[in-house]
$ cat query.csv   # CSV, C-alpha atoms and all ligand atoms
chain,number,residue,atom,x,y,z
G,1,MET,CA,282.6,-13.0,106.0
G,2,ARG,CA,284.5,-10.2,107.8
G,3,ILE,CA,284.0,-6.6,106.7
G,4,LYS,CA,287.4,-5.1,106.5
G,5,GLY,CA,286.7,-1.8,104.8
G,6,LEU,CA,284.6,0.1,102.3
G,7,ARG,CA,285.0,2.8,99.7
G,8,LEU,CA,282.1,5.1,98.7
G,9,TRP,CA,281.6,7.2,95.6
G,10,ARG,CA,278.8,9.7,95.0
G,11,VAL,CA,278.4,9.9,91.2
G,12,ALA,CA,276.2,11.8,88.8
G,13,LEU,CA,275.6,10.0,85.5
G,14,PRO,CA,274.4,12.2,82.7
G,15,LEU,CA,271.1,11.3,81.0
G,16,ARG,CA,270.7,11.3,77.2
G,17,GLU,CA,267.7,13.6,77.6
G,18,ARG,CA,265.9,15.4,80.5
G,19,TRP,CA,263.6,12.9,82.4
G,20,ARG,CA,260.4,14.4,83.6
G,21,THR,CA,257.8,12.8,85.9
G,22,GLY,CA,254.8,14.3,87.7
G,23,ALA,CA,257.1,15.0,90.7
G,24,SER,CA,260.6,15.8,89.3
G,25,GLU,CA,262.9,16.7,86.4
G,26,GLU,CA,266.4,15.2,86.1
G,27,THR,CA,269.3,15.7,83.7
G,28,GLU,CA,271.6,13.4,85.6
G,29,ILE,CA,271.1,10.5,88.0
G,30,GLU,CA,272.9,10.8,91.3
G,31,SER,CA,273.7,7.6,93.1
G,32,VAL,CA,276.1,6.2,95.6
G,33,VAL,CA,278.4,3.3,94.7
G,34,VAL,CA,279.6,1.1,97.6
G,35,GLY,CA,282.6,-1.2,97.3
G,36,LEU,CA,282.8,-3.5,100.3
G,37,GLN,CA,286.2,-5.1,101.1
G,38,THR,CA,285.8,-8.4,102.9
G,39,ASP,CA,288.2,-11.2,103.9
G,40,THR,CA,287.2,-13.1,100.7
G,41,GLY,CA,287.1,-10.3,98.1
G,42,VAL,CA,285.1,-7.3,97.1
G,43,GLY,CA,281.3,-6.8,96.7
G,44,TRP,CA,279.6,-3.9,94.9
G,45,GLY,CA,276.3,-2.1,95.3
G,46,GLU,CA,274.7,1.0,93.9
G,47,THR,CA,271.8,2.9,95.4
G,48,ALA,CA,270.2,5.8,93.5
G,49,PRO,CA,267.9,8.1,95.5
G,50,HIS,CA,268.6,10.9,93.0
G,51,ARG,CA,269.9,14.5,93.6
G,52,ALA,CA,267.0,15.8,95.8
G,53,PRO,CA,264.3,14.2,98.0
G,54,LEU,CA,261.7,14.4,95.2
G,55,TYR,CA,261.1,10.7,94.7
G,56,SER,CA,261.6,9.6,98.3
G,57,PRO,CA,262.6,11.4,101.5
G,58,GLU,CA,266.2,10.4,100.8
G,59,TRP,CA,268.8,12.1,98.6
G,60,ALA,CA,272.2,11.1,97.3
G,61,ARG,CA,274.3,13.5,99.3
G,62,GLY,CA,272.5,12.6,102.5
G,63,VAL,CA,272.9,8.9,101.7
G,64,PHE,CA,276.6,9.3,101.0
G,65,HIS,CA,277.3,11.1,104.3
G,66,LEU,CA,275.1,8.8,106.4
G,67,LEU,CA,277.0,5.8,105.0
G,68,ALA,CA,280.4,7.5,105.6
G,69,GLU,CA,279.7,8.8,109.1
G,70,GLU,CA,277.3,6.2,110.7
G,71,LEU,CA,276.3,3.1,108.8
G,72,GLY,CA,279.7,2.3,107.3
G,73,PRO,CA,281.7,2.6,110.5
G,74,ARG,CA,279.1,0.4,112.3
G,75,LEU,CA,279.8,-2.5,109.9
G,76,LEU,CA,283.6,-2.3,110.1
G,77,GLY,CA,285.0,-5.5,111.7
G,78,ALA,CA,281.5,-7.2,111.7
G,79,ASP,CA,281.4,-10.9,110.7
G,80,LEU,CA,278.3,-11.3,108.5
G,81,ALA,CA,277.1,-14.5,106.8
G,82,THR,CA,273.7,-13.2,105.5
G,83,GLY,CA,271.7,-10.1,104.5
G,84,GLU,CA,269.6,-10.6,107.6
G,85,GLU,CA,272.6,-10.3,109.9
G,86,LEU,CA,273.6,-7.0,108.1
G,87,GLN,CA,270.1,-5.6,108.5
G,88,GLU,CA,270.1,-6.6,112.2
G,89,CYS,CA,273.4,-4.7,112.6
G,90,LEU,CA,271.8,-1.6,111.1
G,91,ARG,CA,268.4,-2.0,112.8
G,92,PRO,CA,269.0,0.8,115.4
G,93,TYR,CA,269.0,3.3,112.5
G,94,LYS,CA,265.5,4.4,111.6
G,95,GLY,CA,264.3,4.5,108.0
G,96,ASN,CA,267.0,5.5,105.5
G,97,ARG,CA,266.4,2.5,103.2
G,98,PHE,CA,268.3,3.7,100.2
G,99,ALA,CA,271.4,4.1,102.5
G,100,LYS,CA,271.0,0.6,104.0
G,101,ALA,CA,270.5,-0.8,100.5
G,102,GLY,CA,274.0,0.3,99.4
G,103,LEU,CA,275.5,-1.9,102.1
G,104,ASP,CA,273.0,-4.8,101.8
G,105,LEU,CA,273.5,-5.1,98.0
G,106,ALA,CA,277.3,-5.0,98.3
G,107,LEU,CA,277.2,-7.8,100.9
G,108,TRP,CA,274.9,-10.0,98.7
G,109,ASP,CA,277.3,-9.4,95.8
G,110,ALA,CA,280.3,-10.3,97.9
G,111,LEU,CA,278.7,-13.5,99.3
G,112,ALA,CA,277.6,-14.7,95.9
G,113,ARG,CA,281.0,-13.8,94.3
G,114,ALA,CA,282.8,-15.8,97.1
G,115,ASP,CA,280.7,-18.8,96.0
G,116,GLY,CA,281.1,-18.1,92.3
G,117,GLN,CA,277.3,-18.0,91.9
G,118,PRO,CA,274.9,-15.5,90.3
G,119,VAL,CA,272.6,-13.9,92.9
G,120,TRP,CA,269.4,-14.7,90.9
G,121,ARG,CA,270.3,-18.4,91.2
G,122,ARG,CA,271.1,-18.1,95.0
G,123,ILE,CA,267.6,-16.6,95.6
G,124,GLY,CA,265.8,-19.3,93.6
G,125,GLY,CA,265.2,-17.4,90.4
G,126,ARG,CA,264.6,-19.0,87.0
G,127,PRO,CA,267.2,-18.7,84.2
G,128,ASP,CA,264.6,-17.6,81.6
G,129,PRO,CA,264.6,-14.2,80.0
G,130,VAL,CA,262.5,-11.7,82.0
G,131,ALA,CA,259.8,-9.4,80.4
G,132,VAL,CA,260.6,-5.7,80.4
G,133,GLY,CA,258.5,-2.8,79.3
G,134,ALA,CA,258.9,0.7,77.8
G,135,ASP,CA,258.6,3.9,79.8
G,136,LEU,CA,258.1,7.4,78.6
G,137,GLY,CA,258.6,10.5,80.8
G,138,VAL,CA,256.4,13.6,80.4
G,139,VAL,CA,256.7,15.0,76.8
G,140,ASP,CA,255.7,18.3,75.4
G,141,SER,CA,253.1,17.4,72.7
G,142,GLU,CA,250.6,14.8,71.9
G,143,ARG,CA,252.4,14.3,68.5
G,144,GLU,CA,255.7,13.5,70.3
G,145,LEU,CA,253.9,11.2,72.7
G,146,LEU,CA,252.2,9.2,69.9
G,147,ALA,CA,255.4,8.9,67.8
G,148,ALA,CA,257.3,7.6,70.8
G,149,VAL,CA,254.7,5.0,71.7
G,150,GLU,CA,254.5,3.9,68.0
G,151,ARG,CA,258.3,3.4,68.1
G,152,PHE,CA,258.0,1.3,71.3
G,153,VAL,CA,255.3,-0.9,69.7
G,154,GLU,CA,257.5,-1.3,66.5
G,155,GLU,CA,260.4,-2.4,68.7
G,156,GLY,CA,258.2,-5.1,70.1
G,157,PHE,CA,257.6,-3.9,73.6
G,158,GLU,CA,254.7,-5.7,75.2
G,159,ARG,CA,253.6,-2.9,77.5
G,160,VAL,CA,254.1,0.9,77.7
G,161,LYS,CA,254.0,3.1,80.8
G,162,LEU,CA,253.2,6.8,80.6
G,163,LYS,CA,253.7,9.5,83.2
G,164,VAL,CA,250.7,11.7,84.2
G,165,ARG,CA,251.3,15.2,85.5
G,166,PRO,CA,249.1,17.6,87.6
G,167,GLY,CA,247.3,20.0,85.3
G,168,TRP,CA,247.5,17.8,82.2
G,169,GLY,CA,244.3,15.8,82.7
G,170,ALA,CA,243.8,12.4,81.1
G,171,GLY,CA,244.0,13.7,77.6
G,172,PRO,CA,247.5,12.4,76.6
G,173,VAL,CA,246.7,8.9,78.0
G,174,ARG,CA,243.3,8.9,76.2
G,175,ALA,CA,245.1,9.9,72.9
G,176,VAL,CA,247.4,6.9,73.2
G,177,ARG,CA,244.6,4.6,74.1
G,178,ARG,CA,242.6,5.7,71.0
G,179,ALA,CA,245.6,5.2,68.7
G,180,PHE,CA,246.5,1.8,70.3
G,181,PRO,CA,243.3,0.2,71.5
G,182,GLU,CA,244.9,-3.2,72.3
G,183,LEU,CA,248.2,-2.0,73.9
G,184,VAL,CA,248.9,-3.1,77.5
G,185,LEU,CA,249.2,0.4,78.9
G,186,HIS,CA,249.4,2.0,82.3
G,187,ALA,CA,249.8,5.5,83.9
G,188,ASP,CA,252.2,6.5,86.7
G,189,GLY,CA,251.2,9.4,88.9
G,190,ASN,CA,254.5,9.5,90.9
G,191,SER,CA,252.6,10.5,94.1
G,192,SER,CA,251.7,13.9,92.6
G,193,PHE,CA,247.9,13.8,93.1
G,194,THR,CA,245.3,13.8,96.0
G,195,LEU,CA,241.8,12.5,96.4
G,196,ARG,CA,240.6,16.0,95.1
G,197,ASP,CA,241.8,14.8,91.7
G,198,MET,CA,238.9,12.3,91.5
G,199,ARG,CA,237.8,13.5,88.1
G,200,LEU,CA,241.1,12.6,86.6
G,201,PHE,CA,241.0,9.2,88.2
G,202,ARG,CA,237.5,8.5,86.9
G,203,GLU,CA,238.6,9.5,83.4
G,204,LEU,CA,241.7,7.2,83.6
G,205,ASP,CA,239.4,4.5,84.9
G,206,GLU,CA,237.6,4.5,81.6
G,207,LEU,CA,240.7,3.8,79.5
G,208,GLY,CA,241.2,0.0,80.1
G,209,LEU,CA,244.6,0.6,81.8
G,210,ALA,CA,246.5,-2.4,83.2
G,211,MET,CA,247.0,-0.3,86.4
G,212,ILE,CA,247.3,3.2,87.8
G,213,GLU,CA,250.7,3.5,89.6
G,214,GLN,CA,251.1,5.5,92.8
G,215,PRO,CA,248.5,8.2,92.2
G,216,LEU,CA,248.6,9.6,95.8
G,217,GLN,CA,251.2,10.8,98.2
G,218,HIS,CA,253.9,8.3,99.3
G,219,ASP,CA,252.6,8.1,102.8
G,220,ASP,CA,248.9,7.9,102.0
G,221,LEU,CA,248.0,4.3,102.3
G,222,LEU,CA,244.5,5.0,103.6
G,223,GLY,CA,243.8,7.3,100.6
G,224,HIS,CA,245.0,4.6,98.2
G,225,ALA,CA,242.7,2.0,100.0
G,226,ARG,CA,239.8,4.4,99.6
G,227,LEU,CA,240.6,5.1,95.9
G,228,GLN,CA,241.0,1.4,95.1
G,229,GLN,CA,237.4,0.8,96.4
G,230,ILE,CA,236.1,3.4,93.9
G,231,LEU,CA,238.1,2.5,90.8
G,232,GLN,CA,237.8,-0.6,88.6
G,233,THR,CA,241.4,-0.2,87.5
G,234,PRO,CA,244.0,-1.8,89.8
G,235,ILE,CA,246.2,0.5,91.8
G,236,CYS,CA,249.9,-0.3,91.9
G,237,LEU,CA,251.9,1.0,94.8
G,238,ASP,CA,255.5,2.1,94.2
G,239,GLU,CA,256.8,5.0,96.4
G,240,SER,CA,254.5,3.9,99.2
G,241,ILE,CA,256.2,0.5,99.6
G,242,ASN,CA,259.3,1.5,101.5
G,243,GLY,CA,259.9,-1.8,103.3
G,244,PRO,CA,258.2,-5.0,104.4
G,245,GLU,CA,256.2,-3.3,107.2
G,246,ARG,CA,254.6,-0.8,104.9
G,247,ALA,CA,254.0,-3.6,102.3
G,248,ARG,CA,252.1,-5.6,105.0
G,249,HIS,CA,250.0,-2.5,105.9
G,250,ALA,CA,249.2,-1.8,102.3
G,251,LEU,CA,248.1,-5.5,101.7
G,252,GLU,CA,246.0,-5.6,104.8
G,253,LEU,CA,244.3,-2.3,104.0
G,254,GLY,CA,243.6,-3.4,100.3
G,255,ALA,CA,245.5,-0.3,99.2
G,256,CYS,CA,246.7,-1.9,96.0
G,257,ARG,CA,246.3,-4.9,93.6
G,258,TRP,CA,249.8,-4.7,92.3
G,259,VAL,CA,253.2,-3.9,93.9
G,260,ASN,CA,256.2,-2.4,92.1
G,261,ILE,CA,259.3,-3.3,94.1
G,262,LYS,CA,262.4,-1.2,93.8
G,263,VAL,CA,265.2,-2.9,95.6
G,264,ALA,CA,267.0,0.2,96.9
G,265,ARG,CA,263.8,1.9,98.0
G,266,VAL,CA,262.9,-1.0,100.4
G,267,GLY,CA,266.4,-1.2,101.9
G,268,GLY,CA,268.2,-3.8,99.8
G,269,LEU,CA,267.7,-7.3,98.5
G,270,THR,CA,267.1,-8.8,102.0
G,271,PRO,CA,263.9,-6.7,102.6
G,272,ALA,CA,262.9,-6.9,98.9
G,273,LEU,CA,262.7,-10.7,99.3
G,274,GLU,CA,260.6,-10.2,102.4
G,275,VAL,CA,258.2,-7.9,100.4
G,276,HIS,CA,258.1,-10.5,97.7
G,277,ARG,CA,257.2,-13.2,100.3
G,278,LEU,CA,254.4,-11.0,101.8
G,279,CYS,CA,252.9,-10.3,98.3
G,280,ARG,CA,253.0,-14.0,97.4
G,281,GLU,CA,251.2,-14.9,100.6
G,282,ALA,CA,248.6,-12.2,99.9
G,283,GLY,CA,248.2,-13.3,96.3
G,284,VAL,CA,249.2,-9.8,95.0
G,285,PRO,CA,251.3,-9.9,91.8
G,286,MET,CA,254.4,-7.8,91.4
G,287,TRP,CA,256.9,-6.4,89.0
G,288,MET,CA,260.3,-4.7,89.4
G,289,GLY,CA,261.1,-1.0,89.1
G,290,SER,CA,264.4,0.8,88.8
G,291,MET,CA,265.7,4.3,89.3
G,292,LEU,CA,267.3,4.9,85.8
G,293,GLU,CA,270.6,4.0,87.5
G,294,SER,CA,273.5,2.2,85.9
G,295,ALA,CA,273.6,-1.6,85.2
G,296,LEU,CA,275.2,-2.0,88.6
G,297,GLY,CA,272.1,-0.5,90.3
G,298,GLN,CA,269.6,-2.3,88.0
G,299,ALA,CA,271.2,-5.7,88.4
G,300,PRO,CA,269.5,-6.5,91.7
G,301,SER,CA,266.1,-5.7,90.1
G,302,LEU,CA,267.0,-8.0,87.2
G,303,ALA,CA,267.8,-10.8,89.8
G,304,MET,CA,264.4,-10.3,91.6
G,305,ALA,CA,262.6,-10.3,88.2
G,306,THR,CA,263.5,-13.9,87.8
G,307,LEU,CA,261.4,-14.9,90.8
G,308,PRO,CA,257.8,-16.4,90.6
G,309,GLY,CA,255.0,-13.9,91.1
G,310,MET,CA,256.6,-11.3,88.8
G,311,ASP,CA,253.6,-11.1,86.5
G,312,TYR,CA,254.1,-7.9,84.6
G,313,PRO,CA,256.9,-6.5,82.4
G,314,SER,CA,259.5,-4.8,84.7
G,315,ASP,CA,261.1,-1.3,84.4
G,316,LEU,CA,264.5,-2.5,83.4
G,317,PHE,CA,266.3,-0.6,80.7
G,318,PRO,CA,269.2,-1.1,78.4
G,319,SER,CA,272.1,1.1,79.4
G,320,SER,CA,271.7,3.0,76.2
G,321,ARG,CA,268.0,3.9,76.8
G,322,PHE,CA,268.5,6.7,79.3
G,323,LEU,CA,272.2,7.0,80.2
G,324,ALA,CA,274.7,9.1,78.2
G,325,ALA,CA,277.4,7.1,79.9
G,326,GLU,CA,277.3,3.7,81.6
G,327,LEU,CA,279.2,3.3,84.8
G,328,ALA,CA,279.4,-0.5,84.8
G,329,GLU,CA,280.4,-3.4,82.6
G,330,PRO,CA,279.0,-5.3,80.8
G,331,GLU,CA,276.4,-2.9,79.5
G,332,LEU,CA,272.8,-3.9,80.2
G,333,ALA,CA,271.1,-4.9,76.9
G,334,LEU,CA,267.9,-6.6,75.6
G,335,SER,CA,268.3,-10.2,74.7
G,336,ALA,CA,265.3,-10.1,72.5
G,337,PRO,CA,262.4,-7.6,72.0
G,338,SER,CA,260.9,-6.8,75.4
G,339,ARG,CA,263.2,-9.4,77.1
G,340,MET,CA,266.4,-9.3,79.3
G,341,LEU,CA,268.5,-12.3,80.3
G,342,PRO,CA,269.8,-12.7,83.9
G,343,PRO,CA,273.6,-12.6,83.7
G,344,GLU,CA,275.6,-15.8,84.2
G,345,GLY,CA,278.5,-14.0,86.0
G,346,PRO,CA,279.0,-14.3,89.8
G,347,GLY,CA,277.3,-11.9,92.2
G,348,PHE,CA,274.9,-9.5,90.5
G,349,GLY,CA,277.0,-9.9,87.4
G,350,PHE,CA,278.2,-6.4,86.8
G,351,LEU,CA,281.3,-4.4,87.9
G,352,PRO,CA,281.8,-0.6,88.0
G,353,ARG,CA,284.6,0.8,85.7
G,354,PRO,CA,287.3,3.0,87.3
G,355,GLY,CA,287.2,5.6,84.4
G,356,PRO,CA,283.5,6.6,84.7
G,357,LEU,CA,283.8,6.6,88.5
G,358,LEU,CA,286.5,9.2,88.2
G,359,ALA,CA,284.8,11.1,85.4
G,360,TYR,CA,281.4,11.3,87.1
G,361,GLY,CA,282.4,11.0,90.8
G,362,ARG,CA,281.5,14.0,92.9
G,363,GLU,CA,283.1,12.8,96.1
G,364,THR,CA,284.7,9.6,97.5
G,365,VAL,CA,285.7,8.4,100.9
G,366,ALA,CA,287.5,5.3,102.2
G,367,LEU,CA,286.8,3.6,105.6
G,368,GLY,CA,288.9,0.9,107.3
G,369,GLU,CA,291.2,-1.4,105.3
G,370,VAL,CA,290.7,-0.7,101.5
G,371,ASP,CA,293.8,-2.3,99.9
G,372,ALA,CA,291.5,-3.9,97.3
G,373,PHE,CA,290.6,-0.4,96.0
G,374,ALA,CA,294.2,0.8,95.5
G,375,ALA,CA,293.6,0.8,91.8
G,376,TRP,CA,290.3,2.7,92.3
G,377,SER,CA,291.6,5.7,94.2
G,378,PRO,CA,291.3,9.1,92.6
G,379,GLU,CA,295.1,9.5,92.7
G,380,SER,CA,295.7,6.4,90.7
G,381,LEU,CA,293.0,7.3,88.2
G,382,GLN,CA,294.5,10.7,87.3
G,383,PRO,CA,295.4,10.7,83.6
E,401,MG,MG,256.6,4.7,89.6

$ encode --input "query.csv" --output "structure tokens"
Amino acid sequence: MRIKGLRLWRVALPLRERWRTGASEETEIESVVVGLQTDTGVGWGETAPHRAPLYSPEWARGVFHLLAEELGPRLLGADLATGEELQECLRPYKGNRFAKAGLDLALWDALARADGQPVWRRIGGRPDPVAVGADLGVVDSERELLAAVERFVEEGFERVKLKVRPGWGAGPVRAVRRAFPELVLHADGNSSFTLRDMRLFRELDELGLAMIEQPLQHDDLLGHARLQQILQTPICLDESINGPERARHALELGACRWVNIKVARVGGLTPALEVHRLCREAGVPMWMGSMLESALGQAPSLAMATLPGMDYPSDLFPSSRFLAAELAEPELALSAPSRMLPPEGPGFGFLPRPGPLLAYGRETVALGEVDAFAAWSPESLQP
């Protein structure tokens, strides 16, 4: 498949309400949408590192310009049959996984669309509905927290994830555990703590949590390995797993007993499948995360969630849960309480809509031959 051109959009999708974690606060989700024009059609990808480097070292404006000025031009004219070939083409560029993911995902989408096949089937996934959980950001009061968790339980969610924030202690998580003794529950530290916070970890360790997610800094594998030796509760790594090499190191060090895979964070579907293979070999179970991005960005995680070894409800959300406006169609929705169905459509199963790209686009650029995007140019979208 020959790469003829690409068009990039940096977009900022508004959230229904402010999203707070231990590390950041967002009112909109910044992402980069990639449209890849090939000699057989168009493939789409979305990568959402967010506005500032608060989740990972990457950020949306940086990703947009790196794609426009370096990675995109390198792919123009290339003849690529697989994600591995694309990753090989980009190998000279160090790190920058979110940027590489935009191209990797668009290629996978184009390849599967050319065959008229859903990506999840192409990678050996099962057609069954996948389990998804409920997430809650940092909220202001214990009353608000308990009311939200009660709503999730009534809606049939089988697990709930809470954020923990420096300075708050284990109190809010303990309150939820007291009110819901049987609930499958876990806490996410979003890399905001250090080993000096041992008192908090010991308190959380008493609460029968399914796991403690990413308590320490994103680059502290040794710290996580040491902490895992002390705690009964399994540690799940999220931010730390930025690609297959880091996953291998974490598994060898015993730094975690669960892995949360986010497709864009590890560099696309190609490296995500490699992380999946390494975890399966090591006997470490996984689940899928997402970045609160649109259906286009969540679709690769939904495809991965259909694979064996995904043994915990994933962070996949209906479009209406966090977003005030969906970029893609169809909207992402639950198929049953706590369940989501992999789409039957070709590729990842979702397409961006021109209107939202214009309304929420902050910048766009075209490289090479982009005839397929004539209808998507800002000029043609003017009302
Ligand atoms: Mg997390």

$ residues_near_ligand --input "query.csv" --ligand "ligand MG 401 (chain E)" --cutoff "7 Å" --atoms "all atoms listed in the file" --output "list in words"
Asp188, Asn190, Glu213, Gln214, Asp238 and Glu239 of chain G

$ atom_distance --input "query.csv" --atom1 "atom CA of Gly62 of chain G" --atom2 "atom CA of Gly77 of chain G"
23.8 Å

$ atom_distance --input "query.csv" --atom1 "atom CA of Ser290 of chain G" --atom2 "atom CA of Gly243 of chain G"
15.4 Å

$ residues_near_point --input "query.csv" --point "(251.4, -11.4, 96.7)" --cutoff "12 Å" --atoms "only C-alpha atoms" --output "PyMOL selection string"
chain G and resi 247-248+250-252+254+256-261+273-287+308-311

$ atom_distance --input "query.csv" --atom1 "atom CA of Leu231 of chain G" --atom2 "atom CA of Arg199 of chain G"
11.3 Å

$ residues_around --input "query.csv" --residues "Ala333 of chain G" --least-positions-apart "3" --cutoff "10 Å" --atoms "all atoms listed in the file" --output "list in words"
Ala295, Leu316, Phe317, Pro318, Ser319, Ser320, Arg321, Pro330, Ala336, Arg339, Met340 and Leu341 of chain G

$ residues_around --input "query.csv" --residues "Arg10 of chain G" --least-positions-apart "4" --cutoff "10 Å" --atoms "only C-alpha atoms" --output "list in words"
Glu30, Ser31, Val32, Val33, Val34, Glu46, Thr47, Ala48, Ala60, Arg61, Val63, Phe64, His65, Leu357, Tyr360, Gly361, Arg362, Glu363, Thr364 and Val365 of chain G

$ closest_residue --input "query.csv" --among "G:Gly124, G:Gly297, G:Pro181, G:Gly133" --to "Leu334 of chain G" --atoms "only C-alpha atoms"
G:Gly133

$ closest_residue --input "query.csv" --among "G:Pro244, G:Pro343, G:Pro234, G:Gly72" --to "Asp104 of chain G" --atoms "all atoms listed in the file"
G:Gly72

$ closest_residue --input "query.csv" --among "G:Ala148, G:Ala255, G:Leu332, G:Leu111" --to "Asp219 of chain G" --atoms "all atoms listed in the file"
G:Ala255

$ closest_atom_pairs --input "query.csv" --of "segment 53-118 of chain G" --to "segment 302-307 of chain G" --cutoff "12 Å" --atoms "all atoms listed in the file" --output "JSON lines"
{"residue": "G:Leu105", "atom": "CA", "partner": "G:Ala303", "partner_atom": "CA", "distance": 11.5}
{"residue": "G:Trp108", "atom": "CA", "partner": "G:Ala303", "partner_atom": "CA", "distance": 11.4}
{"residue": "G:Asp109", "atom": "CA", "partner": "G:Ala303", "partner_atom": "CA", "distance": 11.3}
{"residue": "G:Pro118", "atom": "CA", "partner": "G:Ala303", "partner_atom": "CA", "distance": 8.5}

$ closest_atom_pairs --input "query.csv" --of "segment 207-305 of chain G" --to "segment 84-101 of chain G" --cutoff "8 Å" --atoms "only C-alpha atoms" --output "Markdown table"
| residue | atom | partner | partner_atom | distance |
| --- | --- | --- | --- | --- |
| G:Asn242 | CA | G:Arg97 | CA | 7.4 |
| G:Gly243 | CA | G:Arg97 | CA | 7.8 |
| G:Val263 | CA | G:Ala101 | CA | 7.5 |
| G:Ala264 | CA | G:Phe98 | CA | 5.0 |
| G:Arg265 | CA | G:Phe98 | CA | 5.3 |
| G:Val266 | CA | G:Arg97 | CA | 5.7 |
| G:Gly267 | CA | G:Arg97 | CA | 3.9 |
| G:Gly268 | CA | G:Ala101 | CA | 3.8 |
| G:Leu269 | CA | G:Ala101 | CA | 7.4 |
| G:Thr270 | CA | G:Glu84 | CA | 6.4 |

$ closest_residue --input "query.csv" --among "G:Leu221, G:Ala372, G:Ala170, G:Ala179" --to "Val153 of chain G" --atoms "all atoms listed in the file"
G:Ala179

$ closest_residue --input "query.csv" --among "G:Leu13, G:Arg7, G:Glu369, G:Pro300" --to "Ala324 of chain G" --atoms "only C-alpha atoms"
G:Leu13

$ closest_residue --input "query.csv" --among "G:Leu327, G:Val160, G:Ile241, G:Ala210" --to "Leu358 of chain G" --atoms "only C-alpha atoms"
G:Leu327

$ residues_around --input "query.csv" --residues "Val138 of chain G" --least-positions-apart "6" --cutoff "9 Å" --atoms "all atoms listed in the file" --output "PDB file with C-alpha atoms, in the frame of the given file"
ATOM      1  CA  TRP G  19     263.600  12.900  82.400  1.00  0.00           C
ATOM      2  CA  ARG G  20     260.400  14.400  83.600  1.00  0.00           C
ATOM      3  CA  THR G  21     257.800  12.800  85.900  1.00  0.00           C
ATOM      4  CA  GLY G  22     254.800  14.300  87.700  1.00  0.00           C
ATOM      5  CA  LEU G 145     253.900  11.200  72.700  1.00  0.00           C
ATOM      6  CA  LEU G 162     253.200   6.800  80.600  1.00  0.00           C
ATOM      7  CA  LYS G 163     253.700   9.500  83.200  1.00  0.00           C
ATOM      8  CA  VAL G 164     250.700  11.700  84.200  1.00  0.00           C
ATOM      9  CA  ARG G 165     251.300  15.200  85.500  1.00  0.00           C
TER      10      ARG G 165
END
